[in-house]
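Visitor: I'd like to ask some things about the structure below.
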Amino acid sequence: MSDIEPQAVEALLDAAFGSGRFGRTAYRIREGADAVPALSFALVEGGVLIGTIQCWPVAHRAADGAATPLVMVGPVAVRPDVQRGGHGRALMAHMLAAAETRADSALMMIGDPEYYGRFFAFTAEATGAWDLPGPFERRRLLARAVNGHALPTAAGTIGPR
Ligand SMILES: CC(C)(COP(=O)(O)OP(=O)(O)OC[C@H]1O[C@@H](n2cnc3c(N)ncnc32)[C@H](O)[C@@H]1OP(=O)(O)O)[C@@H](O)C(=O)NCCC(=O)NCCS
C-alpha cells in the first residue's frame with residue numbers, strides 16, 4: 001500500500017460503506033492498531049485505486065486473561081461502480097494466499113457468510129462464544145484457521161492486541 005495515498009483509501013471506504021462507517025464495531029475492535037502490511041493490499045487500475053483490503057492485529061481474551069492473537073480481515077471494499085466484477089474475490093484471494101504463509105495467527109472478520117463462506121471458507125462455527133466491543137449480528141462473526149494457526153473456541157472478547 002506504500003504507493004497509495006491514504007486519502008484515496010479513505011475516500012474509497014466512504015464510497016463503499018458510507019461516512020457513518022467509523023461507528024461500526026469493527027473500528028472499535030482494532031482501535032489504535034496499524035494495519036498488517038504483509039496482508040493489506042490495494043487494487044489499482046490505470047493509476048486509480050479501485051479496491052482495498054486491510055488486515056489488523058487483534059486478540060481474543062478469555063475471562064481468565066488468556067490472550068490468543070488473531071488477524072481481523074477487513075474492510076474489503078471495491079469502488080461501487082465496478083463492484084461485482086470479480087475484484088473483491090481477487091483481493092480476498094490475494095490476501096489469503098499471503099496469509100497461508102505469513103499470517104501470525106488465525107483470521108476473523110465481520111461479514112456476510114453468503115459471500116465469505118461461499119468463496120473463502122469463513123464460518124461462524126468457532127465464534128459462538130465470542131463477544132465484541134459493540135453491537136453485531138452473531139451470524140456475521142466469522143473466522144478461519146490459516147497457516148497452522150487454530151481458532152480459539154472458548155468464551156472471550158475480541159479487541160486490540
Ligand atoms: C463486498 C465486496 C467487497 C465484493 O466485491 P465485488 O468485487 O463487488 O464482488 P465480486 O465480483 O468479487 O463477487 C461477486 C459475487 O459475490 C456475490 N456477492 C457480492 N457481495 C455479496 C454479499 N454481500 N453477500 C452475498 N453475495 C455477495 C455476488 O452476488 C457475486 O456472485 P455471483 O458471481 O454468483 O453473481 C464489494 O461489493 C463492496 O465493496 N461492497 C461494499 C462494502 C462491503 O460491504 N464490504 C464487505 C464488508 S468488510
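Each chain in the C-alpha cells gets a letter, A, B, ..., in the order shown, and its residues are numbered from 1; ligands are numbered from 1 in order too.
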So which residues are near ligand 1, meaning at most 10 Å away with only C-alpha atoms and all ligand atoms counted, given back as number ranges by chain?
Guide: A: 12-18, 26, 50-54, 73-93, 109-119, 140
Visitor: Find the residues near Glu31 in chain A: any atom within 12 Å, counting only C-alpha atoms, skip ones fewer than 5 places away on the same chain, and give them as JSON, numbers by chain.
Guide: {"A": [22, 23, 24, 25, 26, 56, 57, 58, 59, 72, 133, 158, 159, 160, 161]}
Visitor: Selection from above, N, CA and C atoms, as a short mmCIF file (atom, residue, chain, number, x, y, z; two decimals), in the first residue's frame, can you write it?
Guide:
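Okay, this is what ended up in result-v1.cif:
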data_model
loop_
_atom_site.label_atom_id
_atom_site.label_comp_id
_atom_site.auth_asym_id
_atom_site.auth_seq_id
_atom_site.Cartn_x
_atom_site.Cartn_y
_atom_site.Cartn_z
N PHE A 22 -17.32 4.87 10.77
CA PHE A 22 -16.47 4.91 11.96
C PHE A 22 -17.19 4.44 13.23
N GLY A 23 -18.54 4.44 13.18
CA GLY A 23 -19.29 3.96 14.34
C GLY A 23 -19.37 2.45 14.39
N ARG A 24 -18.88 1.76 13.36
CA ARG A 24 -19.03 0.31 13.29
C ARG A 24 -18.16 -0.39 14.33
N THR A 25 -18.68 -1.51 14.80
CA THR A 25 -17.97 -2.28 15.82
C THR A 25 -16.56 -2.66 15.36
N ALA A 26 -16.39 -2.93 14.08
CA ALA A 26 -15.06 -3.32 13.57
C ALA A 26 -14.01 -2.26 13.89
N TRP A 56 -5.75 -6.47 10.38
CA TRP A 56 -5.33 -5.80 11.62
C TRP A 56 -4.98 -6.83 12.69
N PRO A 57 -3.98 -6.50 13.50
CA PRO A 57 -3.65 -7.39 14.61
C PRO A 57 -4.65 -7.18 15.75
N VAL A 58 -5.38 -8.24 16.14
CA VAL A 58 -6.33 -8.17 17.25
C VAL A 58 -6.08 -9.38 18.14
N ALA A 59 -6.89 -9.53 19.18
CA ALA A 59 -6.72 -10.68 20.07
C ALA A 59 -8.05 -11.09 20.67
N MET A 72 -7.69 -9.62 12.16
CA MET A 72 -9.02 -9.22 11.68
C MET A 72 -8.93 -8.78 10.22
N PRO A 133 -16.72 -5.63 21.23
CA PRO A 133 -16.95 -4.39 21.99
C PRO A 133 -17.96 -3.47 21.31
N ILE A 158 -13.14 -10.03 21.65
CA ILE A 158 -12.16 -9.65 20.63
C ILE A 158 -11.87 -8.16 20.77
N GLY A 159 -10.60 -7.80 20.81
CA GLY A 159 -10.23 -6.40 20.93
C GLY A 159 -8.80 -6.20 20.44
N PRO A 160 -8.25 -5.01 20.66
CA PRO A 160 -6.87 -4.77 20.23
C PRO A 160 -5.91 -5.73 20.94
N ARG A 161 -4.79 -6.02 20.33
CA ARG A 161 -3.78 -6.89 20.98
C ARG A 161 -3.16 -6.19 22.17
#
Visitor: Show me, as a list in words, the residues that have an atom within 10 Å of Ala129 in chain A when counting only C-alpha atoms, minus same-chain residues fewer than 4 positions from it.
Guide: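 In the requested form, the answer reads Glu125, Arg138, Pro152, Thr153, Ala154, Ala155, Gly156 and Thr157 of chain A.
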Visitor: If you run DSSP on the backbone here, which positions in chain A get strand (DSSP E or B)? Please write them as a count of residues only.
Guide: 50
Visitor: Nearest to Ala33 in chain A: which of A:Val9, A:Phe136, A:Glu45, A:Val71 is it, counting only C-alpha atoms?
Guide: A:Val71
Visitor: List the spatial neighbours of Arg144 in chain A as a short mmCIF file (atom, residue, chain, number, x, y, z; two decimals) with N, CA and C atoms, in the first residue's frame - criterion: any atom at most 8 Å away, only C-alpha atoms, same-chain residues fewer than 3 positions off excluded.
Guide:
data_model
loop_
_atom_site.label_atom_id
_atom_site.label_comp_id
_atom_site.auth_asym_id
_atom_site.auth_seq_id
_atom_site.Cartn_x
_atom_site.Cartn_y
_atom_site.Cartn_z
N ALA A 106 -4.71 -17.03 13.39
CA ALA A 106 -5.90 -17.34 12.58
C ALA A 106 -6.63 -16.05 12.23
N LEU A 107 -7.60 -16.14 11.31
CA LEU A 107 -8.29 -14.97 10.77
C LEU A 107 -9.71 -14.88 11.32
N MET A 108 -10.18 -13.64 11.57
CA MET A 108 -11.58 -13.41 11.91
C MET A 108 -12.07 -12.19 11.14
N ALA A 121 -14.42 -19.89 2.72
CA ALA A 121 -14.42 -20.86 3.83
C ALA A 121 -14.40 -20.23 5.22
N PHE A 122 -14.86 -18.97 5.32
CA PHE A 122 -15.06 -18.40 6.66
C PHE A 122 -16.39 -18.92 7.19
N THR A 123 -16.44 -19.32 8.49
CA THR A 123 -17.70 -19.76 9.09
C THR A 123 -17.84 -19.18 10.50
N LEU A 151 -8.25 -21.86 15.69
CA LEU A 151 -9.13 -20.83 16.26
C LEU A 151 -9.44 -21.11 17.71
#
